[in-house]
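Data first, discussion second: the structure below is written as structure tokens.
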Amino acid sequence: MSNLAWIFVSTLLVNNFTLVMFLGLCSFFGVTAKIETAWRLGLANTFVLLLTAIFAWLLNTFVLGAAPYLRIVAFIVVIASAVQFVEMAVRKYLPVLFRQLGIYLPLITTNCAILGLALFQTSRHYTLIEGLVFAIGAGLGLTLALSLMASIRERIEVADVPRIARRMGLVLVIASSLSMAFMGFAGMGSAP
Amino acid sequence: MSFATGFRHGVHPPEEKELTNRLPIRRMPYPDEIVLPLRQHAGNPAKLCVAVGDHVERGDPVGTADGFMSVPIHASAAGTVAGVEWWPHPDGSMALSVRITVDKFAPHVARPRTVPHWEGLTTDEVVLAVQQAGVVGLGGAAFPTHVKLAPPKDHAVHTLIINGAECEPYLTSDHRTMVEYPVRVLFGIRVMMRALGVTKSVVGIERNKPDAIEAMRAAVPADLDVTILPLTVKYPQGAEKMLIKAVTGVEVPSGKLPVTVGVVVQNVGSVAAIAEVFETGLPLVERIVTVSGHGLRRPANLIVPVGTKLRDLLAFCDGVTPDAAEVVIGGPMMGQAQANLDAPVIKGTTGVVVLAKYETRLARSYPCIHCGRCLDACPVFLNPSLLGDFARVGRYQDMVEQHLADCMLCGSCAYVCPSNIPLSQLFQASKVALRRAQAGAA
Amino acid sequence: MVPGAPPPATVIADMWRGIGRENPVLVQFLGMCPTMAVTNTLANGIAMGAATTFVLVGSGLFVSLFRKYIAHEVRITSYILIIATFVTLADMILAATFPAISKALGPFMPLIVANCLLLGRAEAFAAKVAVHRAVADGLGMGLGFTLSLSLLSALRETLGHGSLLGHPLFGPRFEPWVFMVMPPGGFFALGVALLALAWIVELRRRRVRAVA
Amino acid sequence: MSAAVAPALVVTASPHVRSQDSTPRIMWNVAATLVPIIVAATWFFGVSSLLVIAAATAGALATERAFGRGGTLADGSAAITGMLLGLTLPAGLSLWMAALGGAFGIGFGKVVWGGLGQNVFNPALLGRAFLQAAFPVAITTWPTVGGRFWTLKGDLFALPFTHPLPDAITSATPLGLLKFEGKGTAIEQLILGNTSGSLGETAALVILAGGIYLAWRGYLNWRIPAAVLLTVIVFSAIVHAVDAHRPDPLFMLFSGGLMLGTVYMATDPVTSPVTNRGRWVFGAGVGVLVVVIRIWGGLPEGVMYAILFMNALVPFINRATQPRLFGTRLGGAT
Amino acid sequence: MTVVHQHQHGAPVAVTPGKATPTWRLLVTLAVAGGLSGWLVVTVYQITRPAVERYAAQRVAGAVREVLERPARWDTLYLVNGALVSKAPAGPNAQELPIAYVGYDATGKRIGAAVTAAEPGFQELLTLMIGFDPESGALLGFKVLDEKETPGLGDKIETDSSFRTQFADRLPPLTGVKGHPGGNRNEVQTITGATISSRAVIRIVNHAVAKWRPLLQAYHAGGAP
Amino acid sequence: MTFHAIAILGGMGLIFAVFLALANRKLWVWEDPRIDIVASMLPNANCGACGHPGCRAFAEGTVAGTISPAECTVASDDVHKSIAGFLGVDAGTAVRKLARLMCAGGNDVAINLAEYRGLPTCAAAAAVAGGGKGCAWGCLGLADCERACDFGAIEMSDTGLPMVDPAACTACGDCVEACPKGLFTLLAADHRLLVQCKNLIAGDDALEQCRVACTACGKCVLDGAPGLISVASGIAVVNYELNALAEERAAARCPTGAIVWLTGAQFAHLPALAGSERQ
Ligand SMILES: Cc1cc2nc3c(=O)[nH]c(=O)nc-3n(C[C@H](O)[C@H](O)[C@H](O)COP(=O)(O)O)c2cc1C
Ligand SMILES: Cc1cc2nc3c(=O)[nH]c(=O)nc-3n(C[C@H](O)[C@H](O)[C@H](O)COP(=O)(O)O)c2cc1C
Ligand SMILES: Cc1cc2nc3c(=O)[nH]c(=O)nc-3n(C[C@H](O)[C@H](O)[C@H](O)COP(=O)(O)O)c2cc1C
Ligand SMILES: Cc1cc2nc3c(=O)[nH]c(=O)nc-3n(C[C@H](O)[C@H](O)[C@H](O)CO)c2cc1C
Ligand code: SF4
Ligand code: SF4
Ligand code: SF4
Ligand code: SF4
Ligand code: FES
């Protein structure tokens, strides 16, 4: 498989950001009660991931060469500010979009998938293009995981779940099952 | 299957019609007492017009129509008004009713026609006469018939469909009517066609009633465009929308009335009743009732005075067997179980079925296994499995979005459900809850 | 008092909250990513817990110290700056002292920055209370976090490797449940822990009811 | 009051009659059709098959009994789960592992969801996925067929939690041979089931017969197996046509767990869509994933993961394929 | 769970309705905070750097020693513009240049070269250090630097010594075989249950040798020691 | 190096501060932060008892001054006061109401005509032959109200009557809505004279269905203050506008006990349904 395709499939399915890499779990557990919310959050995330890929590449290339030890601080500050800025702008100029997506933006700042993307991208020396593909794969993977979780949670809302499993117990069992279902993609692209 | 004689989905419950489908219609003698609820039809209940102690003749009104969406109620036997009181109604509630002690041997004195001869009447006068005669749909819903005869002006009606499907198990009253009184039925059709101003009529009859099809075909007069159409045997073939689909191939749009596709549907019994009131001049005071079931000793097709208590009716059929479990008014698919046998036969009572224990749905219920059979049964293509889930947890608003309003409570879904989930009951309860919530909000 | 600030409480109470009733992992479900990702061995779990505690206390201290001077509009950015600084420090210190663990934790060490727990505590607590309470709260939350991580990682290491802190527990014939140290096993272990907790609570509730 | 005419009246809601099929009846019919498959497995692998299947079933039933809501053993669904799980295991698996798989499948695949009908993932496959992840070596150790009836095919009686001692003669499955060694297997051998593999993948014809019987009785929905098989045939034919080194459709159909999975697992009513259109989509999805995983994935066999993944999509599919309401036909009379 | 939202939406703040903070205060706050942070980070960085670098060096040294079978010393070569040089050019990206380590025994004889290579394994990128003799092309051995393979299965490429020791003296391009190898110098036996990971190792080794051998040969032919 | 680091981060801080400051000027959409604070003080039960769509809407109203804090029937007085204190407004007052059941026909005193089998909910039973109970108006005892109550204020008695715990009842009205027979009403806590029956059948016929039915005998009308109680269409009705005149005496001579003088909870003497583990 070509490199870009491998990056995409790998981040989307094989090493799904949420279900295999354990990134962005807070929203995976916290914001998946409704399908609508879940996939919107996923798309908002994808957008921010793309921004992040660009920022991280810019920072790595132009600013942090001299001071790689500032990486964490620099990444997170840039991401947080950018998200805050985007949030304000969307709220002001695109109130409809804000109502649909914007309310999730602040949630995303503290989503470790974002920082995770920046760090992985750095440690793997991705080019800008590779970084963007990586971000799209990660974002769609996140959206997929969030939506699947939400659709299953909507179904169990009408189920007769035992009392002890009701709050989070079953949700984690679902996550575990989903993660197992994704294990079928393991090794994809590295077949002998 | 050709679309012209059926519809998609539906179920095949055992017909059980052989208990009564060869028994001629007999007349039941007057009981000692009759009870006439003032609410026997869709629309406004009738307004009381007699007082305790009054003497009434057969055919005298005891309640008058309250507006256009209402019909009067007439005494079905001569006697004395013994009480105006709350009485058990077949729908399970208590209803204000007129209780009459019957004077069994009162001569049928010559009395003026309450209903005029139909010849020479204008359309409006026919409609009025039908209302004054207290005629309502005898197919079960008891919708005032004259309302259907006065369709809104913006819809052109082109076909009158007569519902002879009688798809409910056990029931044979329409069947026997068509076999024994085909000429009367066709006379009723003639009256209605004129009142509606249509030239075409179709009588839909399930194929399991060949004798009725034959009798009706033989009776069609040359001057009348009436088609006798045999239909696929399937429940609920008699449901209005299914019947229209089977006869015309057209689906009545969701939430709309049949007039939007230019048809009016009447039950066979209703047209026979119209014929009778115009023949005899007497308003609607009796109807044909199938009394049947494996829990009954002597099934029969009876002409019963409206207001006869179930207790008397069953006693006339020699009572029930020891393993009788349920007394149902209507057929077993959509009928109402009765807790109180003091409840009377009313105009909408098509049959009384006494079910034996082994036939009933008393088995335990399991969780939905999502087998999808209910989806394949639902004639209006709902998702009863999902609706049932929502209903169980009280998510009524979600049910509305899943088109609860289109559910006609036919019970096909509950019939096929292997987990024995009372789906249609859930939907009925949800509809009631929603209505109450709306009433509360308003 | 700042409106909406938590009611006064003893320092001990501030600490206990994080360990028990408001346990970040078992009750609040915050900081799930490190919880899942690094708890495949006890050593990793403890190290991550310790590092997070360090950052919680450090950032709590600074946020509380400067709470009067940080303008409202830039508070989030400032808090993140403070947190990120402490994370970087923790990362470097761990790399310099326990390189093996530092390698095992990989990128999840820097990801502490994004741990929702930290920003949450900074904004909801540290920014509103005096220094000693902020520190106590950070310590409590950190300990609660460490405790839950230890519990989970002990469960996963015992079953998944048949060892604890690298010491074999059951002898050579033990068949490890590889599942437990794989991604689904992480979710599963926490799920089981939560079910067990809920079950205990339920049993106790029933007993109370039976007595009453 | 009413005693005179009708003794002890009951009132229930309409409809007052119901069809004769009940959920337990369906379940026990399915269970009964599994028996010939178990017999076939025993023919090939000897007493080991019976022991492994019994252990898996015992694990499932014990868990259902201990944690399920009362009286749910009688509905037969837990027995199916156990038997099907057993049929997906290799003949030489230690019994404690088989039982653990059954317990996991029922415990975390069914009971925590609320019991029968509420689960989203196929419990038997979840149990197997767990075993595959927990004991990857043990569960890919495939004993060869044949041998004497009473010879055990592996360290079946290894103590719980201990490592089974490898002692049986093993060989790769047809799919493993193909994937890792590029070797094919004769089609007659595949159809007769004369290959190593899990217990239930060796009797394609018996499974097919059971499926046809169940479909005829209406106990399973034929659309799903039809969709899976069609998709696999078409998709793998295309791949085979483009690259002749890839396996042909016949090999695809009769190798691995495809037949068992298609007939008995993809059709689990609980974990497959309720709508007929949805069933086609679901089946096609399973078929595509099976081919994709088998050909491009890291694992030789993909049926289990294909079904589990599609299980996760079922709530979506159900939503997207709601039936069209009567009286809302596009372009119809309004 | 509303917890996640809490700090975003539910957080009470100092109530100064409608009044914005003056801009200079924002500037000062962030600049000072940034400066302070930078200072703290860099200070600790400087304190910890020696230890971190020591560990890193040790790790590389350990790996080189292992795959080159205890060389007495080694040279570090950098790949710049398609050729090997012994001194890294100055610049920020120096650390990221591909590197080869050329080892010598006590007598000063060249033992071979160690190179690192990373390619997808079963799950994620698999990073190896590979030792081989550029002259004969024969392998000396390999060491896993980084892997994310399944514990207990794929990680046997690291933990199973009988797999690792096979590689010594084998002649790439290698092929993996199941069962017992026939003693061919280009065959290695794959690990049961981890064929994919085993083959990934083989693939990486083959690619690495194919890529580095000509480079090293050219370097040595170019008169370098 | 130190300088580098300080410069980079300090510089970034500056740049973002400028950005954010600009953004702040141009883009900020102001929302009264007190709304969040008040919302966080409310019980967040979102029960709707106050007549507003959820607690946040209530908070918006209180901040805007259109709602007084005491209108939240769920929150305690302390909460009312602290919200009022925070906003600097008057807490206001609200009449305390309680849910009362207008039926006392438990299964020990009211007859059943047929056995109802089916969904164990009142709504479903009511739709089937009225539920099989002799009295078509009476309580079906299948606990829809208990399930509807979010505050756990209703518990079924062992005779199948819902017992309302006055301390826990917030008068949210959910039970009123849930009961298919419309047996609950919200009465002010000081409305203590109550006709616990809705049966419209008068006289002994009513007693055939239920021993505690109101037979419309009229004794309470005579014993109460003039105009306080009247009998219309078979049932006694209390005119609560004249509640001030109500006295225990009015209930004293009721032959069936249909009218009662409440001193606390209804049916307080009945034991609760054993093992009532409804979810
Ligand atoms: C509000 C209302 C208005 C109706 N108006 C008409 C009408 O104008 N013309 C007509 O033919 N039927 C009318 N119907 C009758 C229905 O189409 C239908 O025949 C009746 O509800 C009985 O249906 P069923 O016995 O299938 O349940 C009306 C029904 C309702 C509920
Ligand atoms: C499920 C269902 C089944 C029905 N079956 C019949 C039937 O078999 N025969 C019949 O006359 N009406 C049946 N009806 C009533 C018809 O829909 C329609 O109301 C009636 O034919 C109109 O005629 P009427 O107003 O003269 O009664 C059924 C209704 C429903 C909802
Ligand atoms: C959960 C799971 C994890 C696996 N991990 C690995 C792995 O890390 N490395 C590997 O080569 N194969 C892995 N496999 C693949 C299978 O074990 C595969 O069948 C094996 O590589 C084939 O080797 P064999 O032919 O010797 O059995 C994994 C499979 C599963 C189900
Ligand atoms: C046709 C059919 C297929 C079934 N297949 C499975 C299966 O693959 N796995 C399983 O655990 N149960 C199966 N069951 C049983 C049952 O549906 C299953 O245990 C439920 O998932 C439990 O909620 C099947 C049942 C039927 C009727
Ligand atoms: S009762 Fe309603 S949902 Fe059920 S089959 Fe009939 S119309 Fe469909
Ligand atoms: S028929 Fe019954 S079990 Fe089957 S899907 Fe419908 S409700 Fe569920
Ligand atoms: S009061 Fe109403 S809702 Fe409550 S148990 Fe009685 S009938 Fe049911
Ligand atoms: S008679 Fe009155 S008290 Fe008795 S059940 Fe009926 S409504 Fe209740
Ligand atoms: S720790 Fe919260 S999203 Fe990862």
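Every chain in the structure tokens takes a letter, A first, then B, and so on in the order presented; its residues are numbered from 1, and the ligands are numbered from 1 following the presented order.
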
Next item on the list: Give as a VMD selection string the residues surrounding ligand 7 up to a distance of 6 Å, considering only C-alpha atoms and all ligand atoms.
Entry: chain F and resid 122 139 to 145 162 178 to 181 183

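Taking only C-alpha atoms and all ligand atoms into account, the residues that come within 6 Å of ligand 5 are B:Ala377, B:Cys378, B:Pro379, B:Val380, B:Leu382, B:Pro384, B:Cys407, B:Met408, B:Leu409, B:Cys410, B:Gly411, B:Ser412, B:Cys413, B:Ser424.
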
Next item on the list: May I have the residues within 10 Å of Leu119 in chain F as a PyMOL selection string, using only C-alpha atoms and disregarding those fewer than 3 positions away in the same chain?
Entry: (chain B and resi 365+392+421-423+425-426+429) or (chain D and resi 12-13) or (chain F and resi 116+122-125+142)

Next item on the list: Report as a PyMOL selection string: the residues of range 52-273 of chain D with a DSSP assignment of helix (DSSP H, G or I), based on the backbone of this structure.
Entry: chain D and resi 52-67+73-75+77-87+95-109+111-113+123-134+138-140+174-181+187-192+199-201+204-217+223-242+249-254+258-265+269-271

Next, dump the selected residues to file, keeping only C-alpha atoms, as a compact mmCIF listing (two decimals), in the first residue's frame.
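Result file follows (result-v4.txt):
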```txt
# COMPACT_ATOMS: atom_id res chain seq x y z
CA VAL D 52 -15.04 -28.67 24.22
CA ILE D 53 -18.62 -27.91 23.21
CA ALA D 54 -19.92 -29.17 26.52
CA ALA D 55 -17.46 -26.99 28.41
CA ALA D 56 -18.39 -23.88 26.44
CA THR D 57 -22.09 -24.61 26.91
CA ALA D 58 -21.65 -25.28 30.60
CA GLY D 59 -19.82 -21.98 31.02
CA ALA D 60 -22.60 -20.15 29.21
CA LEU D 61 -25.45 -21.84 31.06
CA ALA D 62 -23.84 -21.46 34.47
CA THR D 63 -23.33 -17.75 33.91
CA GLU D 64 -26.86 -17.25 32.65
CA ARG D 65 -28.15 -19.14 35.65
CA ALA D 66 -26.04 -17.25 38.17
CA PHE D 67 -26.44 -13.69 36.91
CA LEU D 73 -32.36 -20.91 30.96
CA ALA D 74 -35.58 -22.36 29.65
CA ASP D 75 -35.77 -19.99 26.70
CA SER D 77 -30.89 -18.83 23.94
CA ALA D 78 -28.00 -19.40 26.33
CA ALA D 79 -27.71 -22.98 25.16
CA ILE D 80 -27.39 -21.77 21.57
CA THR D 81 -24.71 -19.32 22.58
CA GLY D 82 -22.72 -22.04 24.32
CA MET D 83 -23.04 -24.56 21.52
CA LEU D 84 -22.17 -22.06 18.82
CA LEU D 85 -19.19 -20.83 20.77
CA GLY D 86 -18.04 -24.41 21.20
CA LEU D 87 -18.34 -24.94 17.46
CA LEU D 95 -11.70 -27.01 28.67
CA TRP D 96 -11.20 -24.25 31.18
CA MET D 97 -10.64 -21.81 28.34
CA ALA D 98 -13.78 -22.95 26.54
CA ALA D 99 -15.82 -22.54 29.69
CA LEU D 100 -14.32 -19.13 30.34
CA GLY D 101 -15.25 -18.09 26.83
CA GLY D 102 -18.84 -19.19 27.40
CA ALA D 103 -18.98 -17.31 30.67
CA PHE D 104 -17.54 -14.18 29.08
CA GLY D 105 -19.92 -14.34 26.16
CA ILE D 106 -23.00 -14.61 28.32
CA GLY D 107 -21.77 -12.40 31.14
CA PHE D 108 -20.45 -9.48 29.14
CA GLY D 109 -22.18 -10.17 25.86
CA VAL D 111 -26.37 -10.31 30.95
CA VAL D 112 -24.92 -6.85 31.50
CA TRP D 113 -26.94 -5.61 28.56
CA PRO D 123 -22.50 -13.21 22.58
CA ALA D 124 -20.95 -16.34 21.14
CA LEU D 125 -18.64 -14.35 18.93
CA LEU D 126 -17.81 -11.93 21.71
CA GLY D 127 -16.81 -14.92 23.79
CA ARG D 128 -14.66 -16.17 20.97
CA ALA D 129 -13.11 -12.77 20.31
CA PHE D 130 -12.22 -12.64 23.97
CA LEU D 131 -10.58 -16.07 23.82
CA GLN D 132 -8.76 -15.13 20.65
CA ALA D 133 -7.35 -12.05 22.30
CA ALA D 134 -6.66 -13.70 25.62
CA ALA D 138 -3.99 -21.82 22.19
CA ILE D 139 -6.87 -20.80 20.00
CA THR D 140 -4.90 -20.96 16.78
CA PRO D 174 -6.78 -23.99 4.70
CA LEU D 175 -6.95 -20.23 5.12
CA GLY D 176 -3.74 -20.17 7.13
CA LEU D 177 -2.03 -22.33 4.53
CA LEU D 178 -3.15 -19.97 1.85
CA LYS D 179 -2.22 -16.78 3.66
CA PHE D 180 1.11 -17.76 5.15
CA GLU D 181 2.38 -20.43 2.84
CA ILE D 187 -12.25 -28.17 -2.91
CA GLU D 188 -13.55 -31.71 -2.29
CA GLN D 189 -11.62 -31.72 0.94
CA LEU D 190 -13.14 -28.37 1.93
CA ILE D 191 -16.68 -29.43 1.19
CA LEU D 192 -16.28 -32.73 2.99
CA LEU D 199 -15.12 -27.75 15.14
CA GLY D 200 -17.95 -26.15 13.20
CA GLU D 201 -16.13 -25.23 10.04
CA ALA D 204 -20.43 -27.07 5.52
CA LEU D 205 -23.12 -29.29 4.04
CA VAL D 206 -24.69 -30.18 7.36
CA ILE D 207 -24.76 -26.50 8.30
CA LEU D 208 -26.34 -25.60 5.00
CA ALA D 209 -29.01 -28.23 5.49
CA GLY D 210 -29.79 -26.95 8.98
CA GLY D 211 -30.01 -23.43 7.62
CA ILE D 212 -32.38 -24.42 4.88
CA TYR D 213 -34.63 -26.18 7.34
CA LEU D 214 -34.70 -23.19 9.66
CA ALA D 215 -35.32 -20.76 6.85
CA TRP D 216 -38.17 -22.93 5.59
CA ARG D 217 -39.75 -22.95 9.03
CA ARG D 223 -32.07 -12.65 3.48
CA ILE D 224 -28.95 -12.38 5.59
CA PRO D 225 -27.29 -15.62 4.50
CA ALA D 226 -28.32 -14.93 0.93
CA ALA D 227 -26.74 -11.50 1.06
CA VAL D 228 -23.53 -12.75 2.69
CA LEU D 229 -23.02 -15.62 0.31
CA LEU D 230 -23.86 -13.59 -2.78
CA THR D 231 -21.53 -10.79 -1.75
CA VAL D 232 -18.69 -13.16 -1.00
CA ILE D 233 -19.12 -14.93 -4.31
CA VAL D 234 -19.31 -11.78 -6.38
CA PHE D 235 -16.61 -9.85 -4.57
CA SER D 236 -14.11 -12.69 -4.44
CA ALA D 237 -14.83 -13.57 -8.06
CA ILE D 238 -13.91 -10.03 -9.01
CA VAL D 239 -10.75 -10.13 -6.94
CA HIS D 240 -9.89 -13.53 -8.34
CA ALA D 241 -10.44 -12.29 -11.87
CA VAL D 242 -8.13 -9.32 -11.35
CA PRO D 249 -15.13 -17.95 -4.77
CA LEU D 250 -15.61 -21.65 -4.12
CA PHE D 251 -12.61 -21.75 -1.83
CA MET D 252 -13.90 -18.63 -0.08
CA LEU D 253 -17.32 -20.15 0.48
CA PHE D 254 -16.26 -23.45 1.90
CA LEU D 258 -18.02 -18.70 6.69
CA MET D 259 -20.81 -21.25 6.52
CA LEU D 260 -21.37 -21.49 10.26
CA GLY D 261 -21.08 -17.75 10.69
CA THR D 262 -23.40 -17.01 7.81
CA VAL D 263 -26.12 -19.46 8.67
CA TYR D 264 -26.14 -19.29 12.44
CA MET D 265 -24.34 -16.17 13.60
CA PRO D 269 -32.13 -11.97 15.21
CA VAL D 270 -31.07 -10.02 18.27
CA THR D 271 -27.87 -8.70 16.78
```

Each residue of chain F lying at most 7 Å from chain B should get a row with its shortest atom-to-atom pair and the distance in Å to one decimal, counting only C-alpha atoms; could you produce that, ordered by chain and increasing number, as a tab-separated table?
```
residue	atom	partner	partner_atom	distance
F:Leu113	CA	B:Ala339	CA	5.8
F:Ala114	CA	B:Ala339	CA	5.1
F:Ala123	CA	B:Ala429	CA	5.6
F:Ala124	CA	B:Ala429	CA	4.9
F:Ala127	CA	B:Ala429	CA	6.5
F:Val128	CA	B:Gly92	CA	6.7
F:Ala129	CA	B:Gly92	CA	3.6
F:Gly130	CA	B:Gly92	CA	4.4
F:Gly132	CA	B:Ala339	CA	5.3
F:Ala136	CA	B:Ser93	CA	5.8
F:Glu177	CA	B:Ala437	CA	6.9
F:Ile201	CA	B:Trp86	CA	6.4
```

Next item on the list: One decimal, Å: what's the distance from CA of Arg185 in chain E over to CA of Arg170 in chain E, could you say?
Entry: 5.0 Å

Next item on the list: For ligand 3, list the contacting residues at 8 Å or closer, counting only C-alpha atoms and all ligand atoms, as JSON, numbers by chain.
Entry: {"A": [183, 184, 186, 187], "C": [179], "D": [129, 132, 133, 134, 136, 137, 140, 141, 172, 176, 177, 180, 298, 299, 300], "E": [121, 122, 123, 148, 149, 150, 151, 152, 153, 154, 155, 178, 190, 191, 192, 193, 194, 195, 196, 197, 198, 199]}

Using the selection just defined, write its residues with C-alpha atoms as a short mmCIF file (atom, residue, chain, number, x, y, z; two decimals), in the first residue's frame.
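Full text of part05.cif as output:
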```
data_model
loop_
_atom_site.label_atom_id
_atom_site.label_comp_id
_atom_site.auth_asym_id
_atom_site.auth_seq_id
_atom_site.Cartn_x
_atom_site.Cartn_y
_atom_site.Cartn_z
CA MET A 183 -9.26 -6.02 16.13
CA GLY A 184 -10.28 -7.67 12.90
CA ALA A 186 -5.22 -5.65 12.92
CA GLY A 187 -2.34 -6.28 10.60
CA PHE C 179 -6.49 -9.79 26.33
CA ALA D 129 -13.11 -12.77 20.31
CA GLN D 132 -8.76 -15.13 20.65
CA ALA D 133 -7.35 -12.05 22.30
CA ALA D 134 -6.66 -13.70 25.62
CA PRO D 136 -4.04 -16.28 20.90
CA VAL D 137 -1.72 -19.23 20.66
CA THR D 140 -4.90 -20.96 16.78
CA THR D 141 -3.48 -24.38 17.53
CA ALA D 172 -2.59 -25.14 9.55
CA GLY D 176 -3.74 -20.17 7.13
CA LEU D 177 -2.03 -22.33 4.53
CA PHE D 180 1.11 -17.76 5.15
CA GLY D 298 -3.34 -9.54 8.88
CA LEU D 299 -5.48 -12.43 9.98
CA PRO D 300 -6.24 -15.46 7.86
CA GLY E 121 4.79 -4.55 11.75
CA PHE E 122 1.59 -6.32 12.67
CA GLN E 123 0.16 -3.37 14.51
CA LYS E 148 3.83 -2.33 19.55
CA GLU E 149 3.12 -5.96 18.63
CA THR E 150 0.72 -8.08 20.58
CA PRO E 151 2.19 -8.98 23.95
CA GLY E 152 2.81 -12.69 24.22
CA LEU E 153 2.55 -13.12 20.48
CA GLY E 154 4.17 -10.61 18.19
CA ASP E 155 6.52 -9.46 20.91
CA LYS E 178 7.35 -22.46 8.79
CA THR E 190 9.07 -17.91 11.68
CA ILE E 191 7.48 -17.90 15.11
CA THR E 192 4.36 -19.98 15.38
CA GLY E 193 1.39 -17.71 15.94
CA ALA E 194 3.37 -14.64 14.95
CA THR E 195 4.17 -15.31 11.34
CA ILE E 196 3.28 -11.79 10.40
CA SER E 197 5.59 -10.15 12.89
CA SER E 198 8.36 -12.57 11.97
CA ARG E 199 7.94 -11.78 8.32
#
```

Check: Leaving out range 304-314 of chain B and any residue of its chain fewer than 6 positions from it, which residues lie within 6 Å of it when counting only C-alpha atoms, given as an MDAnalysis selection string?
Finding: chainID B and resid 28 34:36 76 285:287 341:346

Limited to N, CA and C atoms, could you put the picked residues into a file as a compact mmCIF listing (two decimals), in the first residue's frame?
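Below is the file result_26.txt, written as the result:
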```txt
# COMPACT_ATOMS: atom_id res chain seq x y z
N MET B 28 -83.56 -12.83 18.27
CA MET B 28 -83.55 -13.09 19.71
C MET B 28 -84.77 -12.43 20.33
N ILE B 34 -83.67 -3.54 28.92
CA ILE B 34 -82.61 -3.12 28.01
C ILE B 34 -81.98 -1.85 28.53
N VAL B 35 -80.71 -1.67 28.19
CA VAL B 35 -79.95 -0.51 28.66
C VAL B 35 -79.36 0.18 27.46
N LEU B 36 -79.70 1.45 27.30
CA LEU B 36 -79.24 2.18 26.12
C LEU B 36 -78.26 3.28 26.51
N SER B 76 -85.28 0.33 21.72
CA SER B 76 -85.34 -0.85 20.85
C SER B 76 -86.49 -1.77 21.25
N VAL B 285 -82.79 0.04 15.51
CA VAL B 285 -83.02 -0.39 16.88
C VAL B 285 -82.51 -1.80 17.12
N GLU B 286 -82.05 -2.45 16.10
CA GLU B 286 -81.52 -3.80 16.30
C GLU B 286 -80.42 -4.03 15.29
N ARG B 287 -79.57 -5.02 15.56
CA ARG B 287 -78.51 -5.32 14.60
C ARG B 287 -78.21 -6.82 14.63
N LEU B 341 -70.57 -8.32 32.61
CA LEU B 341 -71.54 -8.83 31.63
C LEU B 341 -72.85 -8.07 31.66
N ASP B 342 -72.93 -7.04 32.50
CA ASP B 342 -74.11 -6.17 32.46
C ASP B 342 -74.02 -5.19 31.29
N ALA B 343 -72.83 -5.10 30.69
CA ALA B 343 -72.69 -4.18 29.57
C ALA B 343 -73.62 -4.61 28.44
N PRO B 344 -74.23 -3.64 27.74
CA PRO B 344 -75.21 -3.99 26.70
C PRO B 344 -74.58 -4.11 25.32
N VAL B 345 -75.27 -4.80 24.42
CA VAL B 345 -74.95 -4.73 23.00
C VAL B 345 -75.31 -3.34 22.53
N ILE B 346 -74.37 -2.70 21.81
CA ILE B 346 -74.69 -1.39 21.26
C ILE B 346 -74.62 -1.46 19.75
```

Next item on the list: Return as a PyMOL selection string the residues of protein, DNA or RNA that approach ligand 6 to within 10 Å, with only C-alpha atoms and all ligand atoms taken into account.
Entry: (chain B and resi 365-378+383-389+412-423) or (chain D and resi 22-23+117+269-270+273-275)
